[in-house]
$ cat coords-v3.txt   # compact mmCIF, C-alpha atoms
# COMPACT_ATOMS: atom_id res chain seq x y z
CA MET A 5 74.29 0.64 38.35
CA LEU A 6 72.14 -1.08 35.87
CA LYS A 7 69.30 0.71 34.29
CA ARG A 8 65.89 -0.70 34.73
CA PRO A 9 64.83 -2.50 31.55
CA SER A 10 62.32 -0.72 29.43
CA SER A 11 58.76 -1.60 30.14
CA ARG A 12 57.69 -0.96 26.55
CA ARG A 13 57.91 -4.57 25.50
CA LYS A 14 56.06 -5.77 28.52
CA SER A 15 53.16 -3.39 28.22
CA SER A 16 50.41 -5.09 26.36
CA GLN A 17 49.29 -2.52 23.79
CA GLU A 18 46.05 -3.59 22.23
CA PRO A 19 45.53 -2.63 18.58
CA LEU A 20 43.37 0.45 18.21
CA ILE A 21 39.98 -0.47 16.78
CA LEU A 22 37.81 2.30 15.42
CA ASN A 23 34.14 2.06 16.20
CA LEU A 24 32.68 2.17 12.72
CA VAL A 25 29.10 1.34 13.68
CA PRO A 26 27.80 4.94 14.09
CA MET A 27 29.45 5.93 10.80
CA LEU A 28 27.81 2.97 9.11
CA ASP A 29 24.46 4.01 10.59
CA ALA A 30 24.84 7.52 9.22
CA LEU A 31 25.78 6.22 5.77
CA VAL A 32 22.83 3.83 5.65
CA THR A 33 20.47 6.68 6.64
CA LEU A 34 21.94 8.98 3.98
CA ILE A 35 21.71 6.33 1.26
CA ALA A 36 18.11 5.55 2.20
CA PHE A 37 17.21 9.27 2.09
CA LEU A 38 18.84 9.75 -1.30
CA LEU A 39 17.23 6.64 -2.76
CA PHE A 40 13.78 7.73 -1.60
CA SER A 41 14.06 11.36 -2.66
CA MET A 42 15.82 11.08 -5.98
CA SER A 43 14.21 10.52 -9.29
CA PHE A 44 16.05 8.27 -11.68
CA LEU A 45 14.18 9.66 -14.68
CA ALA A 46 15.40 13.03 -15.83
CA ILE A 47 12.41 14.88 -17.28
CA VAL A 48 13.26 17.44 -19.95
CA SER A 49 11.07 19.72 -22.02
CA ILE A 50 10.71 21.05 -25.54
CA GLU A 51 9.04 24.43 -25.65
CA SER A 52 6.65 25.54 -28.33
CA PRO A 53 4.87 28.90 -28.42
CA ALA A 54 1.18 28.91 -29.28
CA PRO A 55 0.56 30.34 -32.73
CA VAL A 56 -0.83 33.87 -32.70
CA ALA A 57 -2.49 35.32 -35.75
CA SER A 58 -2.95 39.03 -36.17
CA LYS A 59 -4.09 40.88 -39.29
CA ALA A 60 -1.37 43.51 -38.96
CA GLU A 61 1.29 40.84 -38.76
CA VAL A 62 -0.04 39.08 -41.85
CA GLN A 63 0.02 42.35 -43.83
CA GLN A 64 3.58 43.01 -42.67
CA LYS A 65 4.59 39.47 -43.65
CA LEU A 66 3.10 39.85 -47.10
CA LYS A 67 5.18 42.97 -47.58
CA GLU A 68 8.44 41.58 -46.19
CA LYS A 69 8.11 37.99 -47.48
CA PRO A 70 9.94 36.28 -44.61
CA LEU A 71 11.40 32.78 -44.79
CA GLN A 72 8.64 31.23 -42.63
CA LEU A 73 10.31 27.84 -42.84
CA THR A 74 7.70 25.07 -42.79
CA LEU A 75 8.08 21.35 -42.29
CA THR A 76 5.06 19.35 -43.37
CA LEU A 77 4.80 15.71 -42.37
CA THR A 78 2.60 13.52 -44.53
CA PRO A 79 2.01 9.76 -44.35
CA LYS A 80 4.39 9.28 -47.29
CA GLY A 81 7.13 11.78 -46.59
CA SER A 82 8.21 15.18 -45.38
CA GLN A 83 8.38 18.49 -47.16
CA ILE A 84 10.52 21.48 -46.21
CA TRP A 85 9.30 24.64 -47.90
CA SER A 86 8.65 28.34 -47.57
CA PRO A 87 5.20 29.78 -48.35
CA PHE A 88 6.95 32.87 -49.76
CA GLY A 89 9.21 30.84 -52.03
CA ARG A 90 12.41 31.90 -50.25
CA ILE A 91 13.88 28.39 -50.51
CA GLU A 92 13.59 25.53 -52.93
CA THR A 93 11.11 22.93 -51.66
CA THR A 94 12.79 19.76 -50.38
CA ARG A 95 10.86 16.50 -50.39
CA ILE A 96 12.12 13.62 -48.27
CA ALA A 97 10.53 10.19 -48.46
CA ASN A 98 9.73 8.42 -45.22
CA SER A 99 12.04 5.68 -43.97
CA GLU A 100 10.81 2.31 -42.78
CA PHE A 101 10.02 3.72 -39.31
CA GLY A 102 8.46 7.04 -40.27
CA PRO A 103 9.95 10.45 -41.13
CA ASP A 104 13.59 10.21 -42.23
CA LEU A 105 15.05 12.23 -39.38
CA PRO A 106 18.74 12.33 -40.44
CA GLN A 107 17.75 13.56 -43.91
CA ILE A 108 15.39 16.18 -42.47
CA HIS A 109 18.11 17.32 -40.08
CA GLN A 110 20.72 17.61 -42.85
CA ALA A 111 18.34 19.59 -45.06
CA LEU A 112 17.58 21.95 -42.17
CA VAL A 113 21.30 22.41 -41.41
CA LYS A 114 21.82 23.57 -45.00
CA ILE A 115 18.94 26.05 -44.67
CA LYS A 116 20.29 27.30 -41.34
CA ALA A 117 23.66 27.91 -42.98
CA LYS A 118 21.87 30.16 -45.50
CA PHE A 119 19.65 31.88 -42.92
CA PRO A 120 21.69 31.78 -39.69
CA GLU A 121 19.52 34.34 -37.86
CA GLU A 122 16.31 32.39 -38.45
CA LYS A 123 15.04 30.63 -35.31
CA GLN A 124 11.45 29.75 -36.05
CA ILE A 125 9.98 26.82 -37.93
CA VAL A 126 6.35 25.92 -38.54
CA LEU A 127 5.63 22.24 -38.01
CA VAL A 128 2.61 20.77 -39.77
CA PRO A 129 2.19 17.12 -38.81
CA HIS A 130 -0.49 14.87 -40.26
CA PRO A 131 -3.11 13.53 -37.82
CA GLY A 132 -1.65 10.02 -37.74
CA VAL A 133 1.72 11.06 -36.28
CA ASN A 134 2.16 9.85 -32.72
CA TYR A 135 3.73 11.78 -29.85
CA ASP A 136 6.92 9.71 -29.92
CA THR A 137 7.57 10.59 -33.58
CA LEU A 138 6.64 14.20 -32.92
CA VAL A 139 9.22 14.51 -30.13
CA ALA A 140 11.87 12.84 -32.33
CA VAL A 141 11.07 15.27 -35.18
CA MET A 142 11.23 18.25 -32.80
CA ASP A 143 14.65 17.02 -31.59
CA ALA A 144 15.88 16.81 -35.18
CA ILE A 145 14.60 20.33 -35.83
CA ARG A 146 15.99 21.93 -32.67
CA SER A 147 19.36 20.50 -31.89
CA LEU A 148 22.66 20.87 -33.68
CA GLU A 149 24.87 17.80 -33.51
CA LYS A 150 28.59 17.97 -32.86
CA THR A 151 29.18 16.47 -36.30
CA ASP A 152 27.16 19.19 -38.08
CA THR A 153 28.84 22.02 -39.92
CA ALA A 154 29.54 24.91 -37.57
CA ILE A 155 27.10 27.76 -38.09
CA PHE A 156 27.85 31.21 -36.77
CA VAL A 157 25.27 33.76 -35.68
CA LYS A 158 25.69 37.34 -34.52
CA SER A 159 25.68 37.73 -30.77
CA PRO A 160 22.81 40.09 -29.85
CA LYS A 161 24.90 41.64 -27.07
CA THR A 162 28.32 42.10 -28.63
CA GLY A 163 27.58 41.74 -32.35
CA LEU A 164 30.46 39.28 -32.65
CA PRO A 165 29.98 35.93 -34.41
CA LEU A 166 29.00 33.11 -32.07
CA GLN A 167 28.61 29.42 -32.86
CA ALA A 168 24.90 28.56 -32.99
CA GLN A 169 23.76 26.18 -30.27
CA TYR A 170 20.38 25.35 -31.77
CA LEU A 171 19.06 24.80 -35.27
CA PHE A 172 15.48 26.11 -35.16
CA PRO A 173 14.53 26.23 -31.46
CA SER A 174 11.18 27.95 -31.85
CA ILE A 175 8.73 25.33 -33.15
CA VAL A 176 5.20 26.51 -33.87
CA PHE A 177 2.41 24.12 -34.78
CA GLY A 178 0.92 25.33 -38.01
CA ASN A 179 -2.31 23.39 -38.22
CA LEU A 180 -3.89 23.70 -34.80
CA LEU A 181 -7.02 25.07 -36.41
CA GLY A 182 -7.42 21.87 -38.36
CA ASP A 183 -6.41 23.04 -41.82
CA SER A 184 -4.81 19.74 -42.64
CA MET B 17 31.42 -40.52 25.31
CA ALA B 18 30.01 -38.15 27.93
CA ILE B 19 33.47 -36.72 28.58
CA ARG B 20 34.00 -35.91 24.86
CA GLN B 21 30.63 -34.22 24.64
CA SER B 22 31.42 -32.15 27.70
CA ILE B 23 34.77 -31.06 26.20
CA ARG B 24 33.04 -30.04 22.93
CA GLN B 25 30.40 -28.07 24.79
CA ARG B 26 33.05 -26.28 26.81
CA ARG B 27 34.88 -25.30 23.61
CA VAL B 28 31.70 -23.94 22.08
CA ARG B 29 30.89 -21.99 25.23
CA LYS B 30 34.41 -20.57 25.26
CA SER B 31 34.23 -19.44 21.67
CA LEU B 32 30.85 -17.79 22.28
CA ASN B 33 32.20 -15.82 25.21
CA GLN B 34 34.76 -14.12 22.97
CA MET B 35 33.36 -10.99 21.37
CA ALA B 36 32.64 -11.53 17.68
CA GLU B 37 34.04 -8.71 15.57
CA LEU B 38 32.69 -8.19 12.09
CA PRO B 39 35.15 -6.68 9.61
CA LEU B 40 33.18 -3.53 8.75
CA THR B 41 35.83 -1.70 6.74
CA SER B 42 35.01 -3.33 3.40
CA MET B 43 31.28 -2.77 3.99
CA LEU B 44 31.98 0.88 4.75
CA ASP B 45 33.94 1.14 1.48
CA ILE B 46 30.95 -0.19 -0.45
CA PHE B 47 28.58 2.26 1.25
CA VAL B 48 30.86 5.20 0.54
CA ILE B 49 31.02 4.25 -3.15
CA ILE B 50 27.20 3.97 -3.30
CA LEU B 51 26.86 7.33 -1.52
CA VAL B 52 29.25 9.05 -3.93
CA PHE B 53 27.36 7.59 -6.91
CA LEU B 54 24.00 8.73 -5.54
CA LEU B 55 25.25 12.22 -4.74
CA ARG B 56 26.78 12.46 -8.21
CA SER B 57 23.52 11.55 -9.94
CA TYR B 58 21.28 13.46 -7.53
CA SER B 59 19.39 16.16 -9.31
CA ALA B 60 19.13 19.38 -7.36
CA SER B 61 16.43 20.86 -9.57
CA THR B 62 13.15 22.04 -8.11
CA THR B 63 10.96 20.43 -10.74
CA THR B 64 8.17 18.22 -9.47
CA PHE B 65 7.46 16.39 -12.70
CA SER B 66 7.82 12.65 -12.66
CA SER B 67 6.74 9.78 -14.82
CA PRO B 68 3.16 8.91 -13.89
CA PRO B 69 2.23 5.22 -13.92
CA GLY B 70 0.39 3.91 -16.94
CA ILE B 71 2.08 6.02 -19.59
CA GLU B 72 5.22 5.53 -21.62
CA ILE B 73 7.04 8.81 -22.17
CA PRO B 74 9.23 9.31 -25.25
CA ASN B 75 12.93 10.11 -25.08
CA SER B 76 14.35 13.46 -26.10
CA ALA B 77 17.82 14.86 -26.65
CA SER B 78 16.73 18.15 -25.07
CA VAL B 79 18.59 19.29 -21.97
CA ASP B 80 16.07 21.91 -20.81
CA ILE B 81 14.77 21.19 -17.31
CA PRO B 82 11.12 22.27 -17.11
CA PRO B 83 10.30 24.73 -14.33
CA ASP B 84 7.06 24.31 -12.41
CA SER B 85 3.87 25.11 -14.29
CA HIS B 86 0.38 23.80 -14.85
CA HIS B 87 0.62 20.13 -15.69
CA LEU B 88 -1.46 18.11 -18.13
CA ILE B 89 -1.14 14.36 -18.62
CA ILE B 90 -2.58 12.55 -21.63
CA THR B 91 -2.82 8.79 -21.18
CA PRO B 92 -4.31 6.49 -23.85
CA GLU B 93 -7.59 6.50 -21.87
CA SER B 94 -7.94 9.95 -20.32
CA VAL B 95 -6.71 13.50 -19.81
CA THR B 96 -5.61 14.61 -16.36
CA PHE B 97 -5.04 18.24 -15.44
CA GLU B 98 -3.36 19.18 -12.16
CA ASP B 99 -3.96 15.70 -10.72
CA ALA B 100 -7.68 15.75 -11.53
CA ARG B 101 -9.08 13.55 -14.29
CA VAL B 102 -11.02 15.90 -16.55
CA VAL B 103 -11.76 13.87 -19.67
CA ASP B 104 -12.31 10.16 -20.22
CA PHE B 105 -11.96 8.82 -23.75
CA THR B 106 -14.46 6.35 -25.17
CA GLN B 107 -13.38 3.27 -27.02
CA THR B 108 -13.87 3.35 -30.78
CA ALA B 109 -16.53 0.99 -32.10
CA ASP B 110 -14.15 -0.78 -34.49
CA SER B 111 -11.60 -1.55 -31.78
CA VAL B 112 -14.05 -3.24 -29.37
CA GLY B 113 -12.93 -6.81 -28.75
CA THR B 114 -9.51 -6.30 -30.40
CA ASP B 115 -6.14 -6.70 -28.72
CA GLU B 116 -5.29 -3.03 -29.18
CA PRO B 117 -8.21 -0.88 -28.05
CA LYS B 118 -8.34 2.62 -29.52
CA TYR B 119 -9.87 5.59 -27.76
CA GLU B 120 -11.28 8.90 -28.88
CA PHE B 121 -13.09 11.87 -27.37
CA ALA B 122 -16.78 11.45 -26.62
CA ARG B 123 -18.80 13.69 -28.95
CA ARG B 124 -20.47 15.45 -25.99
CA ASP B 125 -17.04 16.65 -24.78
CA LEU B 126 -16.25 18.52 -28.00
CA ASP B 127 -17.43 21.76 -29.57
CA GLU B 128 -16.17 24.38 -32.08
CA GLY B 129 -16.16 21.85 -34.89
CA GLY B 130 -14.70 19.11 -32.74
CA LEU B 131 -11.57 21.08 -31.89
CA ARG B 132 -12.24 22.36 -28.36
CA ILE B 133 -12.48 19.91 -25.46
CA LEU B 134 -15.12 21.42 -23.18
CA PRO B 135 -14.27 19.85 -19.76
CA LEU B 136 -10.58 20.58 -20.33
CA PHE B 137 -11.30 24.15 -21.41
CA ASP B 138 -13.31 24.73 -18.20
CA ALA B 139 -10.53 23.28 -16.04
CA LEU B 140 -7.85 25.34 -17.80
CA VAL B 141 -9.84 28.58 -17.53
CA LYS B 142 -10.50 27.92 -13.83
CA ALA B 143 -6.80 27.31 -13.20
CA ARG B 144 -5.86 30.44 -15.14
CA LYS B 145 -8.30 32.57 -13.12
CA GLN B 146 -7.00 31.12 -9.85
CA SER B 147 -3.48 31.90 -10.92
CA GLU B 148 -4.43 35.46 -11.89
CA THR B 149 -6.23 36.01 -8.57
CA LEU B 150 -3.16 34.83 -6.67
CA ARG B 151 -0.97 37.18 -8.66
CA GLU B 152 -3.30 40.09 -7.95
CA LYS B 153 -3.17 39.37 -4.22
CA SER B 154 0.59 38.89 -4.24
CA GLN B 155 2.79 41.82 -3.22
CA VAL B 156 5.19 41.07 -6.05
CA ARG B 157 4.67 43.69 -8.77
CA ASP B 158 6.30 44.55 -12.07
CA ASP B 159 8.09 47.86 -12.79
CA THR B 160 4.83 49.69 -13.43
CA GLY B 161 3.26 48.49 -10.16
CA ASN B 162 0.87 46.06 -11.79
CA PRO B 163 0.57 42.42 -10.74
CA LEU B 164 2.77 40.01 -12.68
CA PRO B 165 1.01 38.75 -15.80
CA PHE B 166 -0.18 35.16 -16.14
CA GLU B 167 2.66 33.25 -17.79
CA GLY B 168 0.32 30.81 -19.54
CA VAL B 169 2.74 27.91 -19.58
CA LEU B 170 1.31 24.41 -19.86
CA ALA B 171 3.51 21.34 -19.40
CA ILE B 172 2.18 18.43 -21.43
CA GLN B 173 3.11 14.87 -20.66
CA ALA B 174 1.69 12.37 -23.12
CA ASP B 175 1.98 8.71 -23.88
CA LYS B 176 4.20 7.72 -26.81
CA LYS B 177 1.24 6.37 -28.76
CA ILE B 178 -0.99 9.44 -28.51
CA ASP B 179 -1.96 10.63 -31.97
CA TYR B 180 -1.54 14.19 -33.14
CA THR B 181 -5.34 14.33 -33.57
CA ILE B 182 -5.72 14.22 -29.78
CA LEU B 183 -2.72 16.45 -29.14
CA ARG B 184 -3.98 19.05 -31.63
CA ARG B 185 -7.32 19.32 -29.82
CA VAL B 186 -5.53 19.66 -26.49
CA LEU B 187 -3.26 22.41 -27.87
CA TYR B 188 -6.18 24.21 -29.47
CA THR B 189 -8.14 24.07 -26.21
CA ALA B 190 -5.17 25.34 -24.22
CA GLY B 191 -4.63 28.18 -26.68
CA ALA B 192 -8.31 29.11 -26.43
CA ALA B 193 -8.03 29.12 -22.62
CA GLY B 194 -5.20 31.65 -22.71
CA TYR B 195 -2.13 29.42 -22.51
CA ARG B 196 0.63 30.77 -24.71
CA VAL B 197 3.51 28.34 -24.25
CA PHE B 198 3.40 24.55 -24.45
CA ARG B 199 6.14 22.49 -22.86
CA PHE B 200 6.29 18.94 -24.16
CA LEU B 201 7.83 16.72 -21.53
CA ALA B 202 10.04 13.74 -22.31
CA VAL B 203 12.66 11.61 -20.66
CA ARG B 204 16.22 12.73 -21.26
CA LYS B 205 17.97 10.52 -23.76
CA GLU B 206 21.21 9.11 -22.40
CA VAL B 207 24.02 9.93 -24.83

$ encode --input "coords-v3.txt" --output "structure tokens"
Amino acid sequence: MLKRPSSRRKSSQEPLILNLVPMLDALVTLIAFLLFSMSFLAIVSIESPAPVASKAEVQQKLKEKPLQLTLTLTPKGSQIWSPFGRIETTRIANSEFGPDLPQIHQALVKIKAKFPEEKQIVLVPHPGVNYDTLVAVMDAIRSLEKTDTAIFVKSPKTGLPLQAQYLFPSIVFGNLLGDS
Amino acid sequence: MAIRQSIRQRRVRKSLNQMAELPLTSMLDIFVIILVFLLRSYSASTTTFSSPPGIEIPNSASVDIPPDSHHLIITPESVTFEDARVVDFTQTADSVGTDEPKYEFARRDLDEGGLRILPLFDALVKARKQSETLREKSQVRDDTGNPLPFEGVLAIQADKKIDYTILRRVLYTAGAAGYRVFRFLAVRKEV
């Protein structure tokens, strides 16, 4: 008795086609939502505390003679100095485009290596400095580049040495009262 | 002639009857790639700051994302605080008719030796008082049971070309109005 031939060959199996249209709809909706709701400009901030003057603090400072690192920007150049004479004054001539930022940064790195615990700097810009230059100067003051010499500070929690993440993160404007 | 035309028409009709199937797979691939890119660059921060039209913001290497706070915008022509224009600059006499107009504060808007900007001071004090009232009414208290103190943070967004003369007056005014921290906003520099 012969077996009946298999019907597999005869059966017309159509190729399975996935219905991609709903998936495509969902993707288009998602992309539209993301494009509308996202901002392509990442806004960042540089914080600066308002200067506070108190008589008691001034008296204490006169006794202790802190570093009080100051960066003065003039139309001709920049000056890094300490009103209490704790460091030698550094004068840096302006470059073609304004303050010589790499030179300022290098000078500040050297000072940070000497005073690793110091965080504050007083910035005294001249009235002609624009906001763009000011932000660039603040960047040069605050951030430590990967190529800079590693500076170690004491961890306030453990007391162990930690690599400093910032140069002088606390920037105070020194001439808000119009002294210069 | 008529027979040929009829044959052609029949072929066209036949081809139209067959369901046209667009190859969607490659399109889907493209969409998935776009979606992954968008999700990767989507910022999940809660900050509401954006770049307002009419001003060019400088770039900064900072990575600090500013949290919400009172917001001040300085354009070359005006000062806006919390979406309300509070001060309009006047054009300097020597820049009238030139290609690059320069602006300064009107004399009536300044006091305390030209350092304090009156309309801005009023707006800042009003905002501070509102904020303090809200904190007093809020049930959130500090450890001693007092309402949370006013943080006094002011986010400043200024045009690249704004001089320090203008910025100094704004900072002085904000300090006089009880703001203790200034946050200078910039666009993150791509490294």

$ closest_residue --input "coords-v3.txt" --among "A:Pro87, A:Ile50, A:Leu73, A:Thr94" --to "Val203 (chain B)" --atoms "all atoms listed in the file"
A:Ile50

$ interface_residues --input "coords-v3.txt" --of "chain B" --to "chain A" --cutoff "7 Å" --atoms "all atoms listed in the file" --output "PyMOL selection string"
chain B and resi 40+44+47+51+54+58+65-66+74+76-82+175-181+184+188+191+196-204

$ closest_residue --input "coords-v3.txt" --among "A:Val113, A:Ile125, A:Val62, A:Leu166" --to "Asp152 (chain A)" --atoms "only C-alpha atoms"
A:Val113

$ axis_aligned_box --input "coords-v3.txt" --around "region 104-116 of chain B" --padding-each-side "3 Å" --output "AutoDock Vina command-line options"
--center_x -10.9 --center_y 1.7 --center_z -27.4 --size_x 17.2 --size_y 23.0 --size_z 20.3

$ atom_distance --input "coords-v3.txt" --atom1 "CA of Ala154 (chain A)" --atom2 "CA of Ala168 (chain A)"
7.5 Å

$ atom_distance --input "coords-v3.txt" --atom1 "CA of Lys67 (chain A)" --atom2 "CA of Val126 (chain A)"
19.3 Å

$ residues_around --input "coords-v3.txt" --residues "region 103-107 of chain A" --least-positions-apart "4" --cutoff "7 Å" --atoms "all atoms listed in the file" --output "list in words"
Gly81, Ser82, Ala97, Asn98, Ser99, Ala111, Val141 and Ala144 of chain A

$ atom_distance --input "coords-v3.txt" --atom1 "CA of Ala117 (chain A)" --atom2 "CA of Ile91 (chain A)"
12.4 Å

$ closest_residue --input "coords-v3.txt" --among "B:Val112, B:Ile73, B:Leu140, B:Ile133" --to "Ala100 (chain B)" --atoms "all atoms listed in the file"
B:Leu140

$ closest_residue --input "coords-v3.txt" --among "A:Phe37, A:Glu149, A:Ala30, A:Gln110" --to "Leu55 (chain B)" --atoms "only C-alpha atoms"
A:Phe37

$ residues_around --input "coords-v3.txt" --residues "Pro117 (chain B)" --least-positions-apart "3" --cutoff "8 Å" --atoms "all atoms listed in the file" --output "PDB file with C-alpha atoms, in the frame of the given file"
ATOM      1  CA  GLN B 107     -13.380   3.270 -27.020  1.00  0.00           C
ATOM      2  CA  THR B 108     -13.870   3.350 -30.780  1.00  0.00           C
ATOM      3  CA  SER B 111     -11.600  -1.550 -31.780  1.00  0.00           C
ATOM      4  CA  VAL B 112     -14.050  -3.240 -29.370  1.00  0.00           C
ATOM      5  CA  GLY B 113     -12.930  -6.810 -28.750  1.00  0.00           C
ATOM      6  CA  THR B 114      -9.510  -6.300 -30.400  1.00  0.00           C
TER       7      THR B 114
END

$ closest_residue --input "coords-v3.txt" --among "B:Ser67, B:Thr41, B:Asn75, B:Ser57" --to "Gln173 (chain B)" --atoms "only C-alpha atoms"
B:Ser67

$ decode --input "coords-v3.txt" --residues "region 71-91 of chain A" --atoms "N, CA and C atoms" --output "CSV table (one decimal), in the first residue's frame"
chain,number,residue,atom,x,y,z
A,71,LEU,N,45.4,84.8,52.2
A,71,LEU,CA,45.9,84.9,50.8
A,71,LEU,C,45.1,86.0,50.0
A,72,GLN,N,43.8,85.9,50.1
A,72,GLN,CA,42.9,86.8,49.4
A,72,GLN,C,43.4,87.0,48.0
A,73,LEU,N,43.5,85.9,47.2
A,73,LEU,CA,44.0,86.0,45.9
A,73,LEU,C,43.1,86.9,45.0
A,74,THR,N,43.7,87.8,44.3
A,74,THR,CA,42.9,88.8,43.5
A,74,THR,C,43.4,88.8,42.1
A,75,LEU,N,42.5,88.8,41.1
A,75,LEU,CA,42.8,88.9,39.7
A,75,LEU,C,42.2,90.2,39.2
A,76,THR,N,43.1,91.1,38.8
A,76,THR,CA,42.6,92.4,38.3
A,76,THR,C,42.8,92.4,36.8
A,77,LEU,N,41.7,92.8,36.1
A,77,LEU,CA,41.8,92.9,34.6
A,77,LEU,C,41.8,94.3,34.3
A,78,THR,N,42.8,94.7,33.5
A,78,THR,CA,42.9,96.1,33.1
A,78,THR,C,42.9,96.1,31.5
A,79,PRO,N,42.7,97.3,30.9
A,79,PRO,CA,42.7,97.3,29.4
A,79,PRO,C,44.0,96.8,28.8
A,80,LYS,N,45.1,96.8,29.6
A,80,LYS,CA,46.4,96.4,29.0
A,80,LYS,C,46.8,95.0,29.4
A,81,GLY,N,46.4,94.6,30.5
A,81,GLY,CA,46.8,93.3,31.0
A,81,GLY,C,46.1,92.8,32.3
A,82,SER,N,46.6,91.7,32.8
A,82,SER,CA,46.0,91.2,34.0
A,82,SER,C,47.1,91.1,35.1
A,83,GLN,N,46.6,91.2,36.3
A,83,GLN,CA,47.5,91.2,37.5
A,83,GLN,C,47.0,90.2,38.5
A,84,ILE,N,47.8,89.3,38.9
A,84,ILE,CA,47.4,88.3,40.0
A,84,ILE,C,48.2,88.7,41.2
A,85,TRP,N,47.5,89.0,42.3
A,85,TRP,CA,48.2,89.6,43.5
A,85,TRP,C,47.5,89.2,44.8
A,86,SER,N,48.1,89.5,45.9
A,86,SER,CA,47.5,89.3,47.2
A,86,SER,C,47.6,90.6,47.9
A,87,PRO,N,46.5,91.2,48.4
A,87,PRO,CA,46.6,92.5,49.2
A,87,PRO,C,47.4,92.4,50.4
A,88,PHE,N,47.6,91.1,50.9
A,88,PHE,CA,48.5,91.0,52.1
A,88,PHE,C,49.9,90.5,51.8
A,89,GLY,N,50.2,90.6,50.5
A,89,GLY,CA,51.6,90.2,50.1
A,89,GLY,C,52.0,88.8,50.3
A,90,ARG,N,51.0,87.9,50.3
A,90,ARG,CA,51.3,86.5,50.5
A,90,ARG,C,52.0,85.8,49.2
A,91,ILE,N,51.7,86.4,48.1
A,91,ILE,CA,52.4,85.9,46.9
A,91,ILE,C,53.0,87.1,46.1
